[in-house]
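Structure below is data.cif: mmCIF, C-alpha atoms.
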data_structure
#
loop_
_atom_site.label_atom_id
_atom_site.label_comp_id
_atom_site.auth_asym_id
_atom_site.auth_seq_id
_atom_site.Cartn_x
_atom_site.Cartn_y
_atom_site.Cartn_z
CA MET A 1 56.98 1.16 -148.41
CA ARG A 2 56.58 4.74 -147.20
CA ILE A 3 53.55 3.76 -145.13
CA VAL A 4 55.49 0.92 -143.48
CA LEU A 5 58.42 3.23 -142.80
CA CYS A 6 56.18 5.90 -141.28
CA PHE A 7 54.47 3.32 -139.09
CA PHE A 8 57.85 2.07 -137.93
CA LEU A 9 59.01 5.58 -137.06
CA VAL A 10 55.81 6.33 -135.14
CA CYS A 11 56.18 3.13 -133.13
CA CYS A 12 59.80 3.98 -132.37
CA CYS A 13 58.75 7.43 -131.16
CA ILE A 14 56.06 5.98 -128.91
CA ILE A 15 58.48 3.45 -127.44
CA SER A 16 61.11 6.15 -127.02
CA VAL A 17 58.70 8.42 -125.13
CA ALA A 18 57.65 5.55 -122.88
CA GLN A 19 61.27 4.69 -122.17
CA ASP A 20 62.14 8.32 -121.50
CA PHE A 21 59.68 8.45 -118.62
CA PRO A 22 59.23 5.12 -116.81
CA ASP A 23 56.58 4.90 -114.10
CA THR A 24 58.51 3.66 -111.07
CA ARG A 25 55.26 3.06 -109.19
CA ILE A 26 54.13 0.17 -111.39
CA ASN A 27 55.83 -2.49 -109.28
CA ASN A 28 54.74 -0.95 -105.97
CA LYS A 29 51.60 -3.02 -105.49
CA ARG A 30 51.88 -4.00 -101.84
CA GLU A 31 49.20 -1.48 -100.83
CA ALA A 32 46.98 -2.04 -103.87
CA PHE A 33 43.39 -3.25 -103.67
CA SER A 34 44.29 -6.42 -105.58
CA ARG A 35 46.71 -7.43 -102.81
CA MET A 36 44.26 -7.05 -99.94
CA ALA A 37 43.84 -10.17 -97.80
CA GLU A 38 41.20 -8.79 -95.41
CA LYS A 39 38.02 -10.10 -97.09
CA ASP A 40 35.51 -8.00 -95.14
CA ILE A 41 37.40 -4.74 -95.65
CA ARG A 42 38.11 -5.60 -99.28
CA GLY A 43 34.41 -6.23 -99.85
CA ASP A 44 33.51 -2.87 -98.32
CA ILE A 45 36.11 -0.94 -100.31
CA SER A 46 35.03 -2.55 -103.57
CA THR A 47 31.67 -0.76 -103.29
CA PHE A 48 33.11 2.71 -103.88
CA THR A 49 36.60 2.45 -105.44
CA ILE A 50 37.59 2.27 -109.08
CA ALA A 51 40.06 -0.54 -108.42
CA GLY A 52 37.32 -2.66 -106.87
CA ILE A 53 34.67 -2.12 -109.53
CA ASP A 54 34.89 -5.72 -110.82
CA GLU A 55 34.01 -7.04 -107.36
CA ARG A 56 31.17 -4.62 -106.75
CA ILE A 57 28.42 -6.58 -108.51
CA GLY A 58 25.64 -7.66 -106.15
CA LYS A 59 26.93 -5.70 -103.17
CA ALA A 60 24.87 -3.03 -101.43
CA PRO A 61 26.52 0.40 -101.12
CA LEU A 62 27.88 1.39 -97.74
CA LYS A 63 26.36 4.07 -95.57
CA LYS A 64 27.95 7.39 -96.47
CA VAL A 65 28.65 10.29 -94.15
CA VAL A 66 26.76 13.39 -95.29
CA PRO A 67 28.26 15.45 -98.14
CA PRO A 68 31.10 17.81 -97.17
CA VAL A 69 29.97 20.43 -94.71
CA ASN A 70 32.80 22.78 -95.64
CA PHE A 71 35.55 23.02 -98.23
CA GLY A 72 38.04 25.40 -99.79
CA THR A 73 41.03 25.37 -102.09
CA ASN A 74 43.17 23.71 -99.42
CA PHE A 75 40.79 21.64 -97.29
CA ILE A 76 37.61 19.59 -97.14
CA THR A 77 35.53 18.57 -94.12
CA PHE A 78 32.98 15.77 -93.78
CA GLU A 79 30.76 15.48 -90.74
CA GLY A 80 27.90 13.19 -89.80
CA ASN A 81 27.02 10.01 -87.87
CA ASN A 82 29.27 11.13 -84.99
CA VAL A 83 32.24 11.26 -87.38
CA LYS A 84 34.19 14.31 -88.47
CA VAL A 85 37.03 14.23 -91.00
CA THR A 86 39.13 17.13 -92.27
CA ILE A 87 41.88 16.83 -94.88
CA LYS A 88 44.17 19.84 -95.25
CA ALA A 89 46.70 20.67 -97.94
CA VAL A 90 49.81 22.81 -97.75
CA PRO A 91 52.04 24.27 -100.51
CA PHE A 92 54.92 21.98 -101.43
CA GLU A 93 58.35 23.49 -100.76
CA PRO A 94 60.96 21.82 -103.00
CA SER A 95 63.88 23.25 -101.01
CA LYS A 96 62.86 21.14 -98.00
CA HIS A 97 62.93 17.87 -99.91
CA LYS A 98 65.36 15.68 -101.83
CA LEU A 99 64.14 15.38 -105.42
CA LEU A 100 65.27 12.56 -107.69
CA TYR A 101 64.88 13.03 -111.44
CA TYR A 102 65.00 10.60 -114.34
CA ASP A 103 67.02 11.90 -117.28
CA LYS A 104 67.19 15.26 -115.47
CA LYS A 105 63.63 15.97 -116.65
CA TYR A 106 61.07 13.86 -114.85
CA LEU A 107 60.63 13.77 -111.10
CA THR A 108 60.24 10.14 -109.96
CA LYS A 109 61.02 10.20 -106.23
CA ILE A 110 60.69 12.60 -103.33
CA ASP A 111 62.90 12.02 -100.29
CA GLY A 112 63.95 8.67 -101.74
CA LYS A 113 60.39 7.36 -102.15
CA ILE A 114 57.97 7.07 -105.05
CA TYR A 115 55.07 9.48 -104.82
CA TYR A 116 51.54 10.04 -106.13
CA GLY A 117 50.12 13.26 -107.57
CA GLU A 118 51.41 15.29 -110.54
CA TYR A 119 53.80 12.42 -111.21
CA GLY A 120 56.85 13.46 -113.23
CA THR A 121 56.70 17.08 -112.13
CA VAL A 122 57.19 18.95 -108.87
CA PRO A 123 53.89 18.87 -106.95
CA ARG A 124 52.26 22.13 -106.01
CA TYR A 125 50.63 20.86 -102.84
CA GLY A 126 51.03 18.10 -100.29
CA ILE A 127 48.72 16.85 -97.54
CA GLU A 128 49.44 18.62 -94.27
CA SER A 129 47.12 16.64 -92.03
CA ILE A 130 44.12 14.34 -91.75
CA THR A 131 42.07 15.03 -88.63
CA VAL A 132 39.55 12.43 -87.55
CA THR A 133 37.21 12.43 -84.56
CA VAL A 134 34.79 9.62 -83.73
CA ASP A 135 32.32 10.14 -80.88
CA LYS A 136 34.53 13.08 -79.78
CA ASP A 137 37.60 10.80 -79.60
CA THR A 138 40.54 11.83 -81.78
CA VAL A 139 41.97 9.19 -84.11
CA ALA A 140 45.67 9.70 -84.80
CA ILE A 141 46.58 9.39 -88.49
CA PRO A 142 50.38 8.98 -88.85
CA ALA A 143 52.18 11.19 -91.36
CA ILE A 144 53.48 8.11 -93.16
CA ALA A 145 49.90 7.44 -94.25
CA PHE A 146 49.85 10.55 -96.46
CA ALA A 147 53.41 11.89 -96.74
CA ASP A 148 53.85 10.55 -100.30
CA LEU A 149 50.44 11.74 -101.56
CA TYR A 150 50.41 15.07 -103.38
CA SER A 151 48.10 17.50 -105.14
CA PRO A 152 44.88 16.34 -103.45
CA ALA A 153 41.79 17.08 -105.54
CA PHE A 154 39.15 18.11 -103.04
CA THR A 155 36.45 19.37 -105.42
CA TYR A 156 35.62 19.88 -109.09
CA ARG A 157 32.90 21.60 -111.11
CA ASP A 158 30.54 19.60 -113.28
CA GLY A 159 29.18 20.71 -116.64
CA SER A 160 26.63 22.99 -115.00
CA GLY A 161 29.22 24.68 -112.80
CA THR A 162 28.08 22.94 -109.60
CA VAL A 163 30.87 22.15 -107.14
CA ARG A 164 31.13 18.44 -106.43
CA THR A 165 33.64 15.98 -105.00
CA HIS A 166 34.83 12.47 -105.84
CA ASN A 167 35.79 11.97 -102.21
CA GLY A 168 33.79 10.62 -99.31
CA VAL A 169 33.66 8.98 -95.90
CA TYR A 170 31.93 5.60 -95.59
CA LEU A 171 30.84 3.45 -92.66
CA SER A 172 30.90 -0.36 -92.57
CA ASN A 173 27.60 -2.07 -91.90
CA ASP A 174 28.81 -3.42 -88.55
CA GLY A 175 29.94 0.04 -87.44
CA HIS A 176 33.52 -0.99 -86.71
CA ASN A 177 35.21 0.50 -89.79
CA ILE A 178 35.37 3.98 -91.27
CA TYR A 179 36.73 4.48 -94.77
CA ILE A 180 38.10 7.86 -95.86
CA TYR A 181 38.28 7.95 -99.66
CA MET A 182 40.10 10.38 -101.94
CA GLN A 183 40.28 10.19 -105.72
CA ASN A 184 42.72 12.22 -107.81
CA PRO A 185 42.00 12.14 -111.56
CA GLU A 186 45.10 13.32 -113.45
CA THR A 187 46.51 13.35 -116.96
CA LYS A 188 49.13 10.79 -115.98
CA GLY A 189 48.97 8.36 -113.08
CA SER A 190 45.56 9.12 -111.58
CA TYR A 191 45.37 7.62 -108.13
CA GLU A 192 42.89 6.80 -105.37
CA VAL A 193 43.49 6.15 -101.70
CA THR A 194 41.35 4.78 -98.90
CA TRP A 195 42.39 5.23 -95.27
CA VAL A 196 40.88 2.57 -93.02
CA ILE A 197 39.91 3.35 -89.41
CA GLN A 198 38.92 0.36 -87.27
CA ASP A 199 37.48 0.73 -83.79
CA LYS A 200 38.80 4.29 -83.54
CA LYS A 201 42.34 3.35 -84.57
CA PHE A 202 44.13 3.82 -87.88
CA LEU A 203 44.53 0.39 -89.48
CA ARG A 204 46.00 0.85 -92.97
CA ARG A 205 45.64 2.52 -96.32
CA VAL A 206 44.87 1.17 -99.81
CA VAL A 207 46.45 2.93 -102.80
CA ASP A 208 46.00 2.34 -106.51
CA THR A 209 47.40 4.29 -109.45
CA GLY A 210 47.17 4.29 -113.24
CA LEU A 211 43.39 4.75 -113.05
CA LEU A 212 41.11 6.38 -115.64
CA GLN A 213 43.81 6.26 -118.31
#
Could you render the structure as C-alpha coordinates?
Amino acid sequence: MRIVLCFFLVCCCIISVAQDFPDTRINNKREAFSRMAEKDIRGDISTFTIAGIDERIGKAPLKKVVPPVNFGTNFITFEGNNVKVTIKAVPFEPSKHKLLYYDKKYLTKIDGKIYYGEYGTVPRYGIESITVTVDKDTVAIPAIAFADLYSPAFTYRDGSGTVRTHNGVYLSNDGHNIYIYMQNPETKGSYEVTWVIQDKKFLRRVVDTGLLQ
(Lines of atoms letter the chains of each structure in order from A and count residues from 1; the text may use other names and numbers.)
(Lines give C-alpha, C1' and ligand atoms only; values in the text may rest on other atoms or scores of the structure.)
Protein backbone atom coordinates (compact mmCIF):
# COMPACT_ATOMS: atom_id res chain seq x y z
CA MET A 1 0.00 0.00 0.00
CA ARG A 2 2.84 2.36 0.87
CA ILE A 3 4.50 1.67 -2.48
CA VAL A 4 1.28 2.46 -4.35
CA LEU A 5 0.81 5.64 -2.33
CA CYS A 6 4.38 6.77 -2.97
CA PHE A 7 4.00 6.09 -6.68
CA PHE A 8 0.79 8.11 -6.72
CA LEU A 9 2.44 11.04 -4.97
CA VAL A 10 5.41 10.99 -7.35
CA CYS A 11 3.09 11.01 -10.36
CA CYS A 12 1.13 13.90 -8.87
CA CYS A 13 4.35 15.85 -8.36
CA ILE A 14 5.46 15.23 -11.94
CA ILE A 15 2.09 16.32 -13.30
CA SER A 16 2.09 19.34 -11.01
CA VAL A 17 5.53 20.44 -12.22
CA ALA A 18 4.48 20.01 -15.84
CA GLN A 19 1.34 22.03 -15.23
CA ASP A 20 3.26 24.74 -13.39
CA PHE A 21 5.34 25.44 -16.48
CA PRO A 22 3.50 24.83 -19.77
CA ASP A 23 5.46 25.14 -23.01
CA THR A 24 3.45 27.65 -25.03
CA ARG A 25 5.52 26.89 -28.12
CA ILE A 26 4.17 23.37 -28.56
CA ASN A 27 1.28 24.44 -30.78
CA ASN A 28 3.37 26.87 -32.82
CA LYS A 29 4.24 24.49 -35.64
CA ARG A 30 3.64 26.67 -38.69
CA GLU A 31 7.39 27.14 -39.24
CA ALA A 32 8.36 23.59 -38.31
CA PHE A 33 10.13 21.20 -40.66
CA SER A 34 7.15 18.83 -40.59
CA ARG A 35 4.92 21.54 -42.08
CA MET A 36 7.16 22.37 -45.02
CA ALA A 37 5.48 22.09 -48.41
CA GLU A 38 8.51 22.97 -50.56
CA LYS A 39 9.77 19.47 -51.44
CA ASP A 40 13.18 20.47 -52.82
CA ILE A 41 14.03 22.74 -49.88
CA ARG A 42 12.64 20.21 -47.41
CA GLY A 43 14.82 17.52 -48.94
CA ASP A 44 17.91 19.71 -48.64
CA ILE A 45 17.22 20.70 -45.04
CA SER A 46 16.64 17.09 -44.01
CA THR A 47 20.31 16.34 -44.72
CA PHE A 48 21.63 18.41 -41.81
CA THR A 49 18.81 19.10 -39.30
CA ILE A 50 17.70 17.05 -36.33
CA ALA A 51 14.03 17.46 -37.23
CA GLY A 52 14.67 16.01 -40.68
CA ILE A 53 16.74 13.02 -39.63
CA ASP A 54 14.00 10.50 -40.52
CA GLU A 55 13.98 11.75 -44.11
CA ARG A 56 17.75 11.81 -44.50
CA ILE A 57 18.24 8.17 -45.48
CA GLY A 58 19.68 7.76 -48.97
CA LYS A 59 20.32 11.46 -49.52
CA ALA A 60 23.78 12.84 -50.25
CA PRO A 61 24.99 15.62 -47.92
CA LEU A 62 24.94 19.15 -49.24
CA LYS A 63 28.05 21.13 -50.04
CA LYS A 64 29.13 22.99 -46.93
CA VAL A 65 30.81 26.37 -46.75
CA VAL A 66 34.21 26.08 -45.09
CA PRO A 67 34.34 25.94 -41.27
CA PRO A 68 34.00 29.29 -39.47
CA VAL A 69 36.81 31.65 -40.34
CA ASN A 70 36.32 33.68 -37.18
CA PHE A 71 34.31 33.51 -33.98
CA GLY A 72 34.04 34.94 -30.49
CA THR A 73 31.69 34.97 -27.54
CA ASN A 74 29.21 37.14 -29.42
CA PHE A 75 29.66 36.31 -33.11
CA ILE A 76 30.55 33.69 -35.70
CA THR A 77 31.56 34.15 -39.34
CA PHE A 78 31.50 31.64 -42.19
CA GLU A 79 33.13 32.38 -45.52
CA GLY A 80 33.68 30.37 -48.68
CA ASN A 81 32.26 29.66 -52.15
CA ASN A 82 31.63 33.40 -52.66
CA VAL A 83 29.40 33.43 -49.57
CA LYS A 84 30.02 35.22 -46.29
CA VAL A 85 27.73 34.98 -43.27
CA THR A 86 28.12 36.65 -39.88
CA ILE A 87 25.74 36.21 -36.95
CA LYS A 88 26.14 38.66 -34.07
CA ALA A 89 24.68 38.58 -30.58
CA VAL A 90 23.93 41.44 -28.22
CA PRO A 91 23.13 41.46 -24.47
CA PHE A 92 19.41 41.27 -23.77
CA GLU A 93 18.03 44.32 -21.95
CA PRO A 94 14.83 43.37 -20.08
CA SER A 95 13.86 47.02 -19.49
CA LYS A 96 13.37 47.50 -23.23
CA HIS A 97 10.92 44.63 -23.57
CA LYS A 98 7.52 43.56 -22.30
CA LEU A 99 7.91 40.29 -20.39
CA LEU A 100 4.98 37.96 -19.76
CA TYR A 101 5.30 35.41 -16.97
CA TYR A 102 3.32 32.30 -16.12
CA ASP A 103 2.53 32.01 -12.41
CA LYS A 104 4.87 34.98 -11.85
CA LYS A 105 7.83 32.60 -12.17
CA TYR A 106 8.36 31.42 -15.72
CA LEU A 107 8.89 33.71 -18.67
CA THR A 108 6.76 32.51 -21.60
CA LYS A 109 6.52 35.52 -23.93
CA ILE A 110 8.63 38.50 -24.89
CA ASP A 111 6.87 41.50 -26.44
CA GLY A 112 3.70 39.43 -26.72
CA LYS A 113 5.33 36.59 -28.68
CA ILE A 114 6.65 33.16 -27.79
CA TYR A 115 10.42 32.92 -27.93
CA TYR A 116 13.25 30.40 -28.23
CA GLY A 117 16.38 30.21 -26.08
CA GLU A 118 16.62 29.86 -22.29
CA TYR A 119 12.88 29.29 -22.29
CA GLY A 120 11.25 30.06 -18.94
CA THR A 121 13.93 32.50 -17.87
CA VAL A 122 15.12 35.91 -19.01
CA PRO A 123 17.58 35.41 -21.89
CA ARG A 124 21.08 36.76 -21.54
CA TYR A 125 21.62 37.44 -25.22
CA GLY A 126 19.62 38.06 -28.37
CA ILE A 127 20.62 38.09 -32.03
CA GLU A 128 21.58 41.57 -33.14
CA SER A 129 22.05 40.90 -36.84
CA ILE A 130 22.64 38.34 -39.57
CA THR A 131 24.83 39.72 -42.35
CA VAL A 132 24.93 37.83 -45.63
CA THR A 133 26.85 38.61 -48.82
CA VAL A 134 26.71 36.50 -51.97
CA ASP A 135 29.07 37.39 -54.83
CA LYS A 136 29.59 40.76 -53.10
CA ASP A 137 25.82 41.43 -53.10
CA THR A 138 24.24 42.03 -49.69
CA VAL A 139 21.21 39.91 -48.79
CA ALA A 140 18.85 41.69 -46.41
CA ILE A 141 17.70 39.49 -43.50
CA PRO A 142 14.66 41.10 -41.81
CA ALA A 143 14.70 41.44 -38.02
CA ILE A 144 11.50 39.39 -37.80
CA ALA A 145 13.54 36.38 -38.93
CA PHE A 146 15.55 36.36 -35.69
CA ALA A 147 13.89 38.75 -33.21
CA ASP A 148 12.38 35.88 -31.17
CA LEU A 149 15.55 33.76 -31.10
CA TYR A 150 17.73 34.12 -28.02
CA SER A 151 20.94 32.86 -26.45
CA PRO A 152 22.59 31.71 -29.70
CA ALA A 153 25.17 28.97 -29.14
CA PHE A 154 27.97 29.76 -31.55
CA THR A 155 30.60 27.29 -30.34
CA TYR A 156 31.27 24.57 -27.77
CA ARG A 157 34.26 22.55 -26.56
CA ASP A 158 34.42 18.81 -27.10
CA GLY A 159 35.90 16.32 -24.67
CA SER A 160 39.44 17.18 -25.74
CA GLY A 161 38.90 20.91 -25.31
CA THR A 162 38.77 21.64 -29.05
CA VAL A 163 36.40 24.45 -30.03
CA ARG A 164 33.71 23.27 -32.42
CA THR A 165 30.32 24.41 -33.68
CA HIS A 166 26.97 22.76 -34.42
CA ASN A 167 26.21 25.53 -36.90
CA GLY A 168 26.94 25.77 -40.59
CA VAL A 169 26.16 27.24 -44.00
CA TYR A 170 25.10 24.87 -46.78
CA LEU A 171 24.62 25.24 -50.53
CA SER A 172 21.95 23.48 -52.60
CA ASN A 173 23.20 21.32 -55.44
CA ASP A 174 21.65 23.62 -58.06
CA GLY A 175 23.32 26.67 -56.52
CA HIS A 176 20.08 28.60 -56.04
CA ASN A 177 19.66 28.13 -52.28
CA ILE A 178 21.83 28.90 -49.27
CA TYR A 179 20.93 27.48 -45.88
CA ILE A 180 22.19 29.12 -42.69
CA TYR A 181 21.84 26.65 -39.82
CA MET A 182 22.03 27.26 -36.07
CA GLN A 183 21.48 24.67 -33.35
CA ASN A 184 20.96 25.54 -29.69
CA PRO A 185 21.15 22.54 -27.33
CA GLU A 186 19.59 23.50 -23.98
CA THR A 187 18.33 21.86 -20.81
CA LYS A 188 14.75 22.70 -21.75
CA GLY A 189 13.41 23.42 -25.21
CA SER A 190 16.50 22.98 -27.38
CA TYR A 191 15.86 24.51 -30.77
CA GLU A 192 17.29 24.66 -34.28
CA VAL A 193 16.70 27.19 -37.02
CA THR A 194 17.50 27.29 -40.72
CA TRP A 195 17.34 30.55 -42.65
CA VAL A 196 16.76 29.99 -46.36
CA ILE A 197 18.27 32.32 -48.98
CA GLN A 198 17.08 31.79 -52.56
CA ASP A 199 18.64 33.58 -55.51
CA LYS A 200 20.17 36.20 -53.20
CA LYS A 201 16.88 36.95 -51.42
CA PHE A 202 15.67 35.88 -48.00
CA LEU A 203 12.89 33.32 -48.50
CA ARG A 204 11.89 31.94 -45.08
CA ARG A 205 13.04 30.27 -41.92
CA VAL A 206 12.41 26.80 -40.45
CA VAL A 207 12.26 26.46 -36.66
CA ASP A 208 11.89 23.38 -34.48
CA THR A 209 12.00 23.07 -30.70
CA GLY A 210 11.88 20.35 -28.06
CA LEU A 211 14.93 18.67 -29.60
CA LEU A 212 17.50 16.46 -27.85
CA GLN A 213 15.28 16.02 -24.80
Just checking: using only C-alpha atoms, which residue out of A:Ile114, A:Ala32, A:Ile127, A:Val206 ends up closest to Ile76 of chain A? A:Ile127
Please enumerate the residues selected by the PyMOL selection byres ((chain A and resi 33-44) around 8) when evaluated against the supplied file, formatted as a PyMOL selection string. chain A and resi 29-32+45-48+51-52+55-56+62+172+206-208
With a distance cut-off of 10 Å and all atoms listed in the file, select the neighbouring residues of Leu99 of chain A, excluding the residue or stretch itself and same-chain residues fewer than 4 positions from it, and output the selection as a PDB file with C-alpha atoms, in the coordinates of the input.
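The result, written out as result33.pdb:
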ATOM      1  CA  PRO A  94      60.960  21.820-103.000  1.00  0.00           C
ATOM      2  CA  SER A  95      63.880  23.250-101.010  1.00  0.00           C
ATOM      3  CA  LEU A 107      60.630  13.770-111.100  1.00  0.00           C
ATOM      4  CA  THR A 108      60.240  10.140-109.960  1.00  0.00           C
ATOM      5  CA  LYS A 109      61.020  10.200-106.230  1.00  0.00           C
ATOM      6  CA  ILE A 110      60.690  12.600-103.330  1.00  0.00           C
ATOM      7  CA  ASP A 111      62.900  12.020-100.290  1.00  0.00           C
ATOM      8  CA  GLY A 112      63.950   8.670-101.740  1.00  0.00           C
ATOM      9  CA  LYS A 113      60.390   7.360-102.150  1.00  0.00           C
ATOM     10  CA  VAL A 122      57.190  18.950-108.870  1.00  0.00           C
TER      11      VAL A 122
END
Residue nearest Gly210 of chain A among A:Gly72, A:Gly175, A:Pro185, A:Pro142 (counting all atoms listed in the file): A:Pro185
Kindly indicate which residue among A:Val196, A:Ile130, A:Ile178, A:Val90 lies nearest to Tyr150 of chain A, using all atoms listed in the file for the distances. A:Val90
Can you tell me how far atom CA of Lys188 of chain A sits from atom CA of Leu100 of chain A, in Å to one decimal? 18.2 Å
Identify, on the basis of all atoms listed in the file, every residue whose closest approach to Thr86 of chain A does not exceed 9 Å; exclude the query and any residue fewer than 6 positions from it along the same chain; express the result as an MDAnalysis selection string. chainID A and resid 75:79 129:132
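For Val139 of chain A, the list of residues within 7 Å, based on all atoms listed in the file and with local chain neighbours fewer than 6 positions off taken out, reads A:Val132, A:Thr133, A:Lys200, A:Lys201, A:Phe202.
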So that I have them on file, write out the residues from the current selection with C-alpha atoms, as a PDB file, in the coordinates of the input.
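Below you can see again27.pdb, which holds the result:
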ATOM      1  CA  VAL A 132      39.550  12.430 -87.550  1.00  0.00           C
ATOM      2  CA  THR A 133      37.210  12.430 -84.560  1.00  0.00           C
ATOM      3  CA  LYS A 200      38.800   4.290 -83.540  1.00  0.00           C
ATOM      4  CA  LYS A 201      42.340   3.350 -84.570  1.00  0.00           C
ATOM      5  CA  PHE A 202      44.130   3.820 -87.880  1.00  0.00           C
TER       6      PHE A 202
END
Find the residues around Phe71 of chain A up to 12 Å (all atoms listed in the file counted), leave out those fewer than 5 positions away in its own chain, and share them as a PyMOL selection string. chain A and resi 76-79+85-89+153-156+163-165+167
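Here atom CA of Tyr116 of chain A stands at a distance of 5.0 Å from atom CA of Leu149 of chain A.
Proximity ranking of A:Asp23, A:Ala60, A:Tyr191, A:Pro123 relative to Tyr102 of chain A places A:Asp23 first, based on all atoms listed in the file.
From atom CA of Gly126 of chain A back to atom CA of Ile144 of chain A, the distance works out to 12.5 Å.
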Here is a test: counting only C-alpha atoms, which residue of A:Asn74, A:Gln183, A:Thr121, A:Gln198 is nearest to Ala140 of chain A? A:Gln198
Return segment 188-206 of chain A, completed with N, CA and C atoms, as a PDB file, in the coordinates of the input.
ATOM      1  N   LYS A 188      48.280  11.973-116.071  1.00  0.00           N
ATOM      2  CA  LYS A 188      49.130  10.790-115.980  1.00  0.00           C
ATOM      3  C   LYS A 188      49.116  10.269-114.546  1.00  0.00           C
ATOM      4  N   GLY A 189      48.860   8.978-114.401  1.00  0.00           N
ATOM      5  CA  GLY A 189      48.970   8.360-113.080  1.00  0.00           C
ATOM      6  C   GLY A 189      47.899   8.718-112.089  1.00  0.00           C
ATOM      7  N   SER A 190      46.646   8.856-112.530  1.00  0.00           N
ATOM      8  CA  SER A 190      45.560   9.120-111.580  1.00  0.00           C
ATOM      9  C   SER A 190      45.614   8.099-110.455  1.00  0.00           C
ATOM     10  N   TYR A 191      45.310   8.541-109.243  1.00  0.00           N
ATOM     11  CA  TYR A 191      45.370   7.620-108.130  1.00  0.00           C
ATOM     12  C   TYR A 191      44.170   7.785-107.201  1.00  0.00           C
ATOM     13  N   GLU A 192      43.918   6.741-106.399  1.00  0.00           N
ATOM     14  CA  GLU A 192      42.890   6.800-105.370  1.00  0.00           C
ATOM     15  C   GLU A 192      43.460   6.170-104.105  1.00  0.00           C
ATOM     16  N   VAL A 193      43.006   6.667-102.979  1.00  0.00           N
ATOM     17  CA  VAL A 193      43.490   6.150-101.700  1.00  0.00           C
ATOM     18  C   VAL A 193      42.326   6.036-100.722  1.00  0.00           C
ATOM     19  N   THR A 194      42.338   4.971 -99.949  1.00  0.00           N
ATOM     20  CA  THR A 194      41.350   4.780 -98.900  1.00  0.00           C
ATOM     21  C   THR A 194      42.092   4.566 -97.586  1.00  0.00           C
ATOM     22  N   TRP A 195      41.827   5.417 -96.610  1.00  0.00           N
ATOM     23  CA  TRP A 195      42.390   5.230 -95.270  1.00  0.00           C
ATOM     24  C   TRP A 195      41.357   4.476 -94.435  1.00  0.00           C
ATOM     25  N   VAL A 196      41.791   3.426 -93.769  1.00  0.00           N
ATOM     26  CA  VAL A 196      40.880   2.570 -93.020  1.00  0.00           C
ATOM     27  C   VAL A 196      41.042   2.813 -91.511  1.00  0.00           C
ATOM     28  N   ILE A 197      39.953   3.167 -90.858  1.00  0.00           N
ATOM     29  CA  ILE A 197      39.910   3.350 -89.410  1.00  0.00           C
ATOM     30  C   ILE A 197      39.096   2.191 -88.836  1.00  0.00           C
ATOM     31  N   GLN A 198      39.644   1.478 -87.883  1.00  0.00           N
ATOM     32  CA  GLN A 198      38.920   0.360 -87.270  1.00  0.00           C
ATOM     33  C   GLN A 198      38.879   0.528 -85.760  1.00  0.00           C
ATOM     34  N   ASP A 199      37.663   0.566 -85.230  1.00  0.00           N
ATOM     35  CA  ASP A 199      37.480   0.730 -83.790  1.00  0.00           C
ATOM     36  C   ASP A 199      38.287   1.906 -83.241  1.00  0.00           C
ATOM     37  N   LYS A 200      38.178   3.031 -83.946  1.00  0.00           N
ATOM     38  CA  LYS A 200      38.800   4.290 -83.540  1.00  0.00           C
ATOM     39  C   LYS A 200      40.329   4.282 -83.591  1.00  0.00           C
ATOM     40  N   LYS A 201      40.896   3.381 -84.387  1.00  0.00           N
ATOM     41  CA  LYS A 201      42.340   3.350 -84.570  1.00  0.00           C
ATOM     42  C   LYS A 201      42.667   3.224 -86.058  1.00  0.00           C
ATOM     43  N   PHE A 202      43.727   3.919 -86.481  1.00  0.00           N
ATOM     44  CA  PHE A 202      44.130   3.820 -87.880  1.00  0.00           C
ATOM     45  C   PHE A 202      44.675   2.416 -88.136  1.00  0.00           C
ATOM     46  N   LEU A 203      44.139   1.760 -89.171  1.00  0.00           N
ATOM     47  CA  LEU A 203      44.530   0.390 -89.480  1.00  0.00           C
ATOM     48  C   LEU A 203      45.518   0.307 -90.643  1.00  0.00           C
ATOM     49  N   ARG A 204      45.160   0.918 -91.779  1.00  0.00           N
ATOM     50  CA  ARG A 204      46.000   0.850 -92.970  1.00  0.00           C
ATOM     51  C   ARG A 204      45.458   1.765 -94.051  1.00  0.00           C
ATOM     52  N   ARG A 205      46.145   1.786 -95.172  1.00  0.00           N
ATOM     53  CA  ARG A 205      45.640   2.520 -96.320  1.00  0.00           C
ATOM     54  C   ARG A 205      45.691   1.586 -97.536  1.00  0.00           C
ATOM     55  N   VAL A 206      44.898   1.923 -98.552  1.00  0.00           N
ATOM     56  CA  VAL A 206      44.870   1.170 -99.810  1.00  0.00           C
ATOM     57  C   VAL A 206      45.076   2.179-100.925  1.00  0.00           C
TER      58      VAL A 206
END
